[in-house]
$ cat run32.cif   # mmCIF, C-alpha atoms and all ligand atoms
data_query
loop_
_atom_site.label_atom_id
_atom_site.label_comp_id
_atom_site.auth_asym_id
_atom_site.auth_seq_id
_atom_site.Cartn_x
_atom_site.Cartn_y
_atom_site.Cartn_z
CA MET D 93 -67.16 -31.07 92.85
CA SER D 94 -70.39 -29.34 93.76
CA GLN D 95 -73.39 -29.65 91.50
CA LYS D 96 -73.47 -25.87 91.07
CA ASN D 97 -70.13 -25.97 89.32
CA PHE D 98 -68.30 -23.09 87.73
CA ALA D 99 -67.55 -23.08 83.99
CA GLN D 100 -69.85 -26.04 83.49
CA CYS D 101 -68.97 -26.58 79.83
CA THR D 102 -65.42 -27.54 80.81
CA PRO D 103 -65.75 -29.57 84.02
CA GLY D 104 -62.00 -29.74 84.58
CA ILE D 105 -61.80 -25.94 84.72
CA GLY D 106 -64.57 -25.75 87.30
CA GLU D 107 -62.83 -28.28 89.48
CA TYR D 108 -59.56 -26.40 89.09
CA VAL D 109 -61.14 -23.10 90.16
CA GLU D 110 -62.98 -24.56 93.16
CA THR D 111 -59.92 -26.48 94.30
CA LEU D 112 -57.75 -23.40 93.97
CA PHE D 113 -60.02 -20.84 95.62
CA GLN D 114 -61.80 -23.05 98.18
CA PRO D 115 -64.91 -20.81 98.06
CA VAL D 116 -66.75 -22.54 100.92
CA ASP D 117 -64.86 -21.74 104.11
CA ALA D 118 -65.79 -23.06 107.56
CA ALA D 119 -68.26 -20.25 108.36
CA LEU D 120 -70.13 -20.62 105.06
CA ALA D 121 -70.15 -24.43 105.38
CA LYS D 122 -71.64 -24.07 108.86
CA ILE D 123 -74.51 -21.89 107.60
CA ARG D 124 -75.10 -24.25 104.68
CA ASP D 125 -75.08 -27.39 106.86
CA GLN D 126 -77.16 -25.93 109.70
CA SER D 127 -79.74 -24.64 107.23
CA LEU D 128 -80.02 -28.08 105.64
CA LYS D 129 -80.33 -29.73 109.06
CA GLU D 130 -83.17 -27.38 109.94
CA GLY D 131 -85.01 -28.41 106.80
CA LEU D 132 -84.35 -25.43 104.52
CA PRO D 133 -83.97 -26.21 100.80
CA ALA D 134 -80.35 -26.35 99.58
CA ILE D 135 -80.79 -23.51 97.10
CA GLN D 136 -78.22 -21.02 98.35
CA VAL D 137 -75.98 -19.48 95.69
CA GLY D 138 -73.40 -21.83 94.19
CA PRO D 139 -69.94 -21.92 95.81
CA MET D 140 -68.24 -19.74 93.22
CA ASP D 141 -71.20 -17.34 93.03
CA GLY D 142 -70.90 -16.89 96.79
CA ARG D 143 -67.27 -15.98 96.23
CA HIS D 144 -68.26 -13.64 93.38
CA LEU D 145 -70.70 -11.88 95.70
CA GLU D 146 -68.01 -11.41 98.34
CA VAL D 147 -65.42 -10.13 95.84
CA LEU D 148 -67.89 -7.82 94.08
CA THR D 149 -69.13 -6.46 97.40
CA ARG D 150 -65.58 -5.83 98.59
CA LEU D 151 -64.98 -3.89 95.36
CA ILE D 152 -68.16 -1.84 95.80
CA ARG D 153 -67.69 -1.35 99.57
CA PRO D 154 -71.38 -0.54 100.11
CA THR D 155 -72.66 1.40 103.08
CA ARG D 156 -76.26 0.49 102.26
CA ALA D 157 -76.95 -2.93 100.77
CA VAL D 158 -80.19 -4.79 100.04
CA GLU D 159 -80.71 -8.53 99.61
CA ILE D 160 -83.99 -9.96 98.30
CA GLY D 161 -84.24 -13.65 99.34
CA THR D 162 -82.39 -14.42 102.59
CA LEU D 163 -82.86 -18.22 102.95
CA GLY D 164 -80.41 -19.32 105.70
CA GLY D 165 -78.03 -16.38 105.39
CA TYR D 166 -75.36 -17.93 103.15
CA SER D 167 -75.26 -15.14 100.55
CA GLY D 168 -75.90 -12.65 103.35
CA LEU D 169 -72.56 -13.55 104.93
CA CYS D 170 -70.82 -13.15 101.55
CA LEU D 171 -72.33 -9.67 101.19
CA ALA D 172 -71.71 -8.69 104.82
CA ARG D 173 -67.99 -9.38 104.45
CA GLY D 174 -67.65 -6.69 101.78
CA LEU D 175 -69.67 -3.95 103.49
CA GLN D 176 -68.09 -0.78 104.71
CA PRO D 177 -67.69 -1.04 108.52
CA GLY D 178 -70.82 0.43 110.09
CA GLY D 179 -72.79 -0.28 106.92
CA SER D 180 -76.24 -1.83 106.79
CA LEU D 181 -77.63 -4.92 105.09
CA HIS D 182 -81.41 -5.11 104.70
CA SER D 183 -82.46 -8.63 103.76
CA PHE D 184 -85.99 -9.56 102.65
CA GLU D 185 -87.47 -13.01 103.26
CA LYS D 186 -91.05 -14.19 102.89
CA ASN D 187 -90.71 -17.44 104.83
CA GLU D 188 -90.74 -17.00 108.64
CA LYS D 189 -88.77 -20.16 109.30
CA HIS D 190 -86.05 -19.21 106.80
CA ALA D 191 -85.84 -15.78 108.41
CA LYS D 192 -85.52 -17.30 111.89
CA VAL D 193 -82.76 -19.71 110.85
CA ALA D 194 -80.89 -16.93 109.05
CA GLU D 195 -81.29 -14.55 111.94
CA GLU D 196 -79.71 -17.04 114.32
CA HIS D 197 -76.86 -18.29 112.15
CA LEU D 198 -75.93 -15.11 110.34
CA ARG D 199 -75.97 -13.15 113.57
CA SER D 200 -73.45 -15.52 115.15
CA ALA D 201 -71.29 -15.60 112.00
CA LEU D 202 -71.16 -11.79 111.98
CA GLU D 203 -70.10 -11.80 115.62
CA ALA D 204 -67.47 -14.51 115.09
CA GLU D 205 -65.95 -12.52 112.22
CA LYS D 206 -66.32 -9.23 114.12
CA LEU D 207 -68.18 -7.74 111.18
CA ASP D 208 -69.57 -4.33 112.07
CA VAL D 209 -72.76 -4.60 109.99
CA LYS D 210 -76.29 -3.50 110.84
CA PHE D 211 -78.11 -6.58 109.63
CA GLN D 212 -81.89 -6.63 109.50
CA ILE D 213 -84.27 -9.22 108.09
CA HIS D 214 -87.68 -7.99 106.91
CA VAL D 215 -90.13 -10.90 107.06
CA GLY D 216 -92.88 -10.97 104.45
CA PRO D 217 -93.27 -10.55 100.70
CA ALA D 218 -90.38 -8.34 99.56
CA LEU D 219 -92.50 -6.21 97.24
CA GLU D 220 -94.59 -5.09 100.22
CA ASN D 221 -91.67 -4.52 102.58
CA LEU D 222 -89.17 -2.78 100.30
CA ALA D 223 -91.17 0.44 100.64
CA LYS D 224 -90.26 0.54 104.34
CA ILE D 225 -86.56 1.19 103.66
CA GLU D 226 -86.90 3.60 100.73
CA ALA D 227 -86.31 6.66 102.92
CA GLU D 228 -82.86 5.25 103.79
CA GLY D 229 -81.84 5.22 100.13
CA PRO D 230 -80.37 5.59 97.66
CA PHE D 231 -78.61 2.23 98.00
CA ASP D 232 -75.18 1.06 96.86
CA LEU D 233 -76.02 -2.57 96.10
CA VAL D 234 -79.17 -4.63 95.48
CA PHE D 235 -78.82 -8.42 95.25
CA ILE D 236 -81.88 -10.22 93.85
CA ASP D 237 -82.35 -13.93 94.57
CA ALA D 238 -86.01 -14.52 95.59
CA ASP D 239 -89.13 -15.57 93.62
CA LYS D 240 -88.30 -15.51 89.92
CA PRO D 241 -91.64 -14.08 88.65
CA SER D 242 -90.95 -10.91 90.66
CA TYR D 243 -87.45 -10.31 89.24
CA PRO D 244 -88.74 -7.64 86.78
CA ALA D 245 -90.45 -5.76 89.63
CA TYR D 246 -87.32 -6.08 91.78
CA PHE D 247 -85.26 -4.66 88.92
CA GLN D 248 -87.59 -1.67 88.68
CA TRP D 249 -87.23 -1.09 92.41
CA ALA D 250 -83.44 -1.32 92.17
CA ALA D 251 -83.29 1.04 89.16
CA LYS D 252 -85.22 3.63 91.13
CA HIS D 253 -83.43 3.28 94.46
CA LEU D 254 -79.78 2.70 93.52
CA ARG D 255 -77.38 5.63 93.53
CA ILE D 256 -75.39 6.39 90.39
CA GLY D 257 -72.47 3.95 90.59
CA GLY D 258 -74.70 1.52 92.50
CA VAL D 259 -74.86 -2.11 91.44
CA VAL D 260 -77.69 -4.58 90.86
CA ILE D 261 -76.90 -8.31 90.91
CA GLY D 262 -79.29 -11.17 90.06
CA ASP D 263 -78.80 -14.90 90.67
CA ASN D 264 -80.00 -17.75 88.42
CA THR D 265 -80.30 -15.56 85.35
CA PHE D 266 -79.48 -18.36 82.91
CA ALA D 267 -82.76 -19.92 84.11
CA TRP D 268 -81.21 -23.36 84.45
CA GLY D 269 -79.79 -23.16 80.94
CA GLU D 270 -83.14 -22.23 79.37
CA VAL D 271 -83.15 -18.43 79.32
CA HIS D 272 -82.41 -18.21 75.59
CA ARG D 273 -85.46 -20.40 74.93
CA ALA D 274 -87.94 -18.31 76.91
CA ALA D 275 -90.17 -17.80 73.87
CA GLU D 276 -90.67 -21.57 73.46
CA LYS D 277 -91.91 -22.12 77.01
CA SER D 278 -95.45 -22.57 78.27
CA GLY D 279 -97.17 -22.68 81.63
CA ASN D 280 -95.07 -22.36 84.77
CA ASP D 281 -91.82 -22.64 82.79
CA LYS D 282 -92.89 -19.65 80.75
CA LEU D 283 -93.40 -17.64 83.94
CA MET D 284 -90.07 -18.68 85.48
CA VAL D 285 -87.86 -18.57 82.40
CA GLY D 286 -89.72 -15.61 80.89
CA SER D 287 -89.33 -13.52 84.04
CA LEU D 288 -85.58 -14.12 84.19
CA ASP D 289 -85.33 -13.29 80.48
CA GLU D 290 -87.37 -10.14 81.07
CA PHE D 291 -85.07 -9.13 83.96
CA ASN D 292 -81.98 -9.48 81.75
CA ARG D 293 -83.73 -7.53 78.97
CA GLN D 294 -84.71 -4.72 81.32
CA LEU D 295 -81.07 -4.30 82.34
CA ALA D 296 -79.75 -4.57 78.77
CA ALA D 297 -82.19 -1.95 77.46
CA HIS D 298 -82.10 0.50 80.39
CA PRO D 299 -80.40 3.78 79.42
CA SER D 300 -79.14 4.27 83.01
CA PHE D 301 -77.34 0.93 83.24
CA ARG D 302 -74.38 -0.95 81.82
CA GLY D 303 -74.80 -4.66 82.36
CA THR D 304 -73.46 -8.11 81.74
CA ILE D 305 -74.03 -11.68 82.82
CA LEU D 306 -71.09 -13.40 84.43
CA PRO D 307 -71.15 -16.85 82.80
CA THR D 308 -71.12 -18.83 86.02
CA ALA D 309 -72.92 -22.16 86.35
CA GLU D 310 -76.25 -20.41 86.98
CA GLY D 311 -75.62 -17.01 85.44
CA LEU D 312 -74.98 -13.99 87.64
CA THR D 313 -76.32 -10.79 86.11
CA VAL D 314 -74.45 -7.64 87.15
CA GLY D 315 -75.40 -4.08 86.23
CA VAL D 316 -74.01 -0.71 87.27
CA LYS D 317 -76.10 2.47 87.26
CA ILE D 318 -74.13 4.98 85.20
CA ARG D 319 -76.49 7.97 85.02
N1 LIG D 401 -79.90 -15.70 98.71
C1 LIG D 401 -79.99 -16.98 99.41
C2 LIG D 401 -80.88 -17.94 98.67
C3 LIG D 401 -82.29 -17.45 98.47
S1 LIG D 401 -83.39 -18.74 97.97
C4 LIG D 401 -78.59 -17.57 99.53
O1 LIG D 401 -77.91 -17.63 98.50
O2 LIG D 401 -78.20 -17.95 100.63
C5 LIG D 401 -84.84 -17.82 97.70
C6 LIG D 401 -85.50 -17.28 98.97
O3 LIG D 401 -86.48 -16.32 98.59
C7 LIG D 401 -86.23 -18.36 99.77
O4 LIG D 401 -85.82 -18.36 101.11
C8 LIG D 401 -87.70 -17.95 99.68
O5 LIG D 401 -88.45 -18.23 100.85
C9 LIG D 401 -87.59 -16.46 99.45
N2 LIG D 401 -88.76 -15.82 98.81
C10 LIG D 401 -89.60 -16.36 97.90
N3 LIG D 401 -90.53 -15.46 97.53
C11 LIG D 401 -90.28 -14.33 98.23
C12 LIG D 401 -90.88 -13.04 98.30
N4 LIG D 401 -91.96 -12.73 97.56
N5 LIG D 401 -90.35 -12.12 99.12
C13 LIG D 401 -89.26 -12.41 99.87
N6 LIG D 401 -88.65 -13.60 99.85
C14 LIG D 401 -89.14 -14.56 99.05
C1 LIG D 402 -83.51 -22.61 93.11
C2 LIG D 402 -82.21 -22.11 93.13
C3 LIG D 402 -82.01 -20.79 93.44
O1 LIG D 402 -80.76 -20.27 93.46
C4 LIG D 402 -83.06 -19.97 93.74
O2 LIG D 402 -82.80 -18.69 94.01
C5 LIG D 402 -84.35 -20.47 93.74
C6 LIG D 402 -84.57 -21.80 93.41
C7 LIG D 402 -83.70 -24.03 92.75
O3 LIG D 402 -82.70 -24.69 92.45
O4 LIG D 402 -84.84 -24.47 92.76
MG MG D 403 -80.64 -18.23 93.60
#

$ encode --input "run32.cif" --output "C-alpha cells" --more "lines below"
Ligand code: SAH
Ligand code: DHB
Ligand code: MG
Amino acid sequence: MSQKNFAQCTPGIGEYVETLFQPVDAALAKIRDQSLKEGLPAIQVGPMDGRHLEVLTRLIRPTRAVEIGTLGGYSGLCLARGLQPGGSLHSFEKNEKHAKVAEEHLRSALEAEKLDVKFQIHVGPALENLAKIEAEGPFDLVFIDADKPSYPAYFQWAAKHLRIGGVVIGDNTFAWGEVHRAAEKSGNDKLMVGSLDEFNRQLAAHPSFRGTILPTAEGLTVGVKIR
C-alpha cells in the first residue's frame, strides 16, 4: 500500500481500491522510478489521484490543457492520456533539471502510447511564463500542483483563462490534513496551509464556479466554470 493512500480513514478500503484499479501501470511506474533515480523528489500525485486526473481528463476531453508543476512528468502522462487527439498540453516547471527529466521521459511515454499531444514544457517561474500562452486561450483544463503559496494567484489565472465549462483542479488541497486549521498556523506553515485554504475559499466563493474537494488522501479540489 502506497503512503499516499486513498480513503485514508479506512485503510482497508484504500487497499481494496488500489488493488482493484491498479492505478500505477508500467508506463507511470517507469516515469516514477526514473525520476527518483535521477534525484527528483518523490512528490508526484498519489496513485489514485493520478488515476483521478486521467479519468477526469478523459471526461473533459480537453483540446487545450495547462499543468502548473511538471516534476518528472507523472501527472503529465495522466493528463495527456485524456486529451483530444491533436490537443496541446502546456506544462510549467521552475526547476531546469525537473523539466529536462520530464521532457525526456514524458516524450518517450507519449510516443510509446502513440498519444497525439502537443506537449510543451515552459521552464521558469509559472507566474512569469503563463502570460506567454494566454493568446492561445481560453483553456479547457488547468491543473495546479506547484508552489503552494502561489495557488491563489494560479486560481486567479485559471478563472480568467478557462472557457465556460472548463475545469480547474488543485492537488494537495487538504494541506496534509491541516487545511481546516489554517487560522491556528504561524510562520511557514501559515503560508503553506493558509494558501491552500485561500485557494479552496476562492473557488467556493467565486460566482462563476461550482466546486468540490474530492476526499482523496491529499485532497483534490475540482471546480467547473459555469458562467
Ligand atoms: N505534478 C507533478 C508534481 C509536481 S511537484 C506530478 O504529479 O507528477 C511540484 C513541482 O512544482 C516541482 O517540480 C517544482 O520544481 C515545481 N515548482 C515549484 N515552484 C514553481 C514555480 N514557481 N513555477 C513553476 N514550477 C514550480
Ligand atoms: C509535496 C507533495 C506534493 O504533491 C507537492 O505538490 C509538493 C510537495 C510534499 O510532499 O512535500
Ligand atoms: Mg502535489

$ residues_around --input "run32.cif" --residues "segment 127-136 of chain D" --least-positions-apart "2" --cutoff "7 Å" --atoms "only C-alpha atoms" --output "MDAnalysis selection string"
chainID D and resid 123:125 138 164 166:167 190 193

$ residues_near_ligand --input "run32.cif" --ligand "ligand LIG 401 (chain D)" --cutoff "7 Å" --atoms "all atoms listed in the file" --output "list in words"
Ile135, Gln136, Val137, Ile160, Gly161, Thr162, Leu163, Gly164, Gly165, Tyr166, Ser167, Gly168, Phe184, Glu185, Lys186, Asn187, His190, Gly216, Pro217, Ala218, Leu219, Asp237, Ala238 and Asp239 of chain D

$ atom_distance --input "run32.cif" --atom1 "atom CA of Ala119 of chain D" --atom2 "atom CA of Glu196 of chain D"
13.3 Å

$ closest_residue --input "run32.cif" --among "D:Leu112, D:Ala172, D:Ile225, D:Met284" --to "ligand LIG 402 (chain D)" --atoms "all atoms listed in the file"
D:Met284

$ closest_residue --input "run32.cif" --among "D:Lys240, D:Lys210, D:Lys192, D:Arg143" --to "ligand LIG 402 (chain D)" --atoms "only C-alpha atoms and all ligand atoms"
D:Lys240

$ residues_around --input "run32.cif" --residues "Pro177 of chain D" --least-positions-apart "3" --cutoff "8 Å" --atoms "all atoms listed in the file" --output "compact mmCIF listing (two decimals) with C-alpha atoms, in the frame of the given file"
# COMPACT_ATOMS: atom_id res chain seq x y z
CA THR D 155 -72.66 1.40 103.08
CA LEU D 207 -68.18 -7.74 111.18
CA ASP D 208 -69.57 -4.33 112.07
CA VAL D 209 -72.76 -4.60 109.99

$ closest_residue --input "run32.cif" --among "D:Ser183, D:Ser200, D:Ser287, D:Thr265" --to "ligand LIG 402 (chain D)" --atoms "all atoms listed in the file"
D:Thr265

$ closest_atom_pairs --input "run32.cif" --of "segment 215-283 of chain D" --to "segment 292-304 of chain D" --cutoff "9 Å" --atoms "all atoms listed in the file" --output "JSON lines"
{"residue": "D:Pro244", "atom": "CA", "partner": "D:Gln294", "partner_atom": "CA", "distance": 7.4}
{"residue": "D:Phe247", "atom": "CA", "partner": "D:Gln294", "partner_atom": "CA", "distance": 7.6}
{"residue": "D:Gln248", "atom": "CA", "partner": "D:Gln294", "partner_atom": "CA", "distance": 8.5}
{"residue": "D:Ala251", "atom": "CA", "partner": "D:Ser300", "partner_atom": "CA", "distance": 8.1}
{"residue": "D:Ile256", "atom": "CA", "partner": "D:Ser300", "partner_atom": "CA", "distance": 8.5}
{"residue": "D:Val260", "atom": "CA", "partner": "D:Gly303", "partner_atom": "CA", "distance": 9.0}
{"residue": "D:Gly262", "atom": "CA", "partner": "D:Asn292", "partner_atom": "CA", "distance": 8.9}
{"residue": "D:Thr265", "atom": "CA", "partner": "D:Asn292", "partner_atom": "CA", "distance": 7.3}

$ residues_around --input "run32.cif" --residues "Ala204 of chain D" --least-positions-apart "6" --cutoff "12 Å" --atoms "all atoms listed in the file" --output "list in words"
Ala118, Ala119, Leu169, Arg173, His197 and Leu198 of chain D

$ write_last_selection --input "run32.cif" --atoms "C-alpha atoms" --output "mmCIF file, in the frame of the given file"
data_model
loop_
_atom_site.group_PDB
_atom_site.id
_atom_site.type_symbol
_atom_site.label_atom_id
_atom_site.label_comp_id
_atom_site.auth_asym_id
_atom_site.auth_seq_id
_atom_site.Cartn_x
_atom_site.Cartn_y
_atom_site.Cartn_z
ATOM 1 C CA ALA D 118 -65.790 -23.060 107.560
ATOM 2 C CA ALA D 119 -68.260 -20.250 108.360
ATOM 3 C CA LEU D 169 -72.560 -13.550 104.930
ATOM 4 C CA ARG D 173 -67.990 -9.380 104.450
ATOM 5 C CA HIS D 197 -76.860 -18.290 112.150
ATOM 6 C CA LEU D 198 -75.930 -15.110 110.340
#

$ atom_distance --input "run32.cif" --atom1 "atom CA of Phe266 of chain D" --atom2 "atom CA of Pro103 of chain D"
17.8 Å

$ axis_aligned_box --input "run32.cif" --around "ligand LIG 402 (chain D)" --padding-each-side "6 Å" --output "lines of an AutoDock Vina configuration file"
center_x = -82.8
center_y = -21.7
center_z = 93.2
size_x = 16.1
size_y = 18.0
size_z = 13.6

$ residues_around --input "run32.cif" --residues "Phe231 of chain D" --least-positions-apart "4" --cutoff "12 Å" --atoms "all atoms listed in the file" --output "ChimeraX atom specification"
/D:152-159,179-182,222,225-227,235,249-260,317

$ atom_distance --input "run32.cif" --atom1 "atom CA of Gly279 of chain D" --atom2 "atom CA of Phe291 of chain D"
18.3 Å

$ residues_around --input "run32.cif" --residues "segment 307-310 of chain D" --least-positions-apart "4" --cutoff "12 Å" --atoms "all atoms listed in the file" --output "PyMOL selection string"
chain D and resi 94-103+105-106+109+135-145+237+262-271+288+314

$ closest_residue --input "run32.cif" --among "D:Leu171, D:Leu312, D:Ala121, D:Val215" --to "ligand MG 403 (chain D)" --atoms "all atoms listed in the file"
D:Leu312
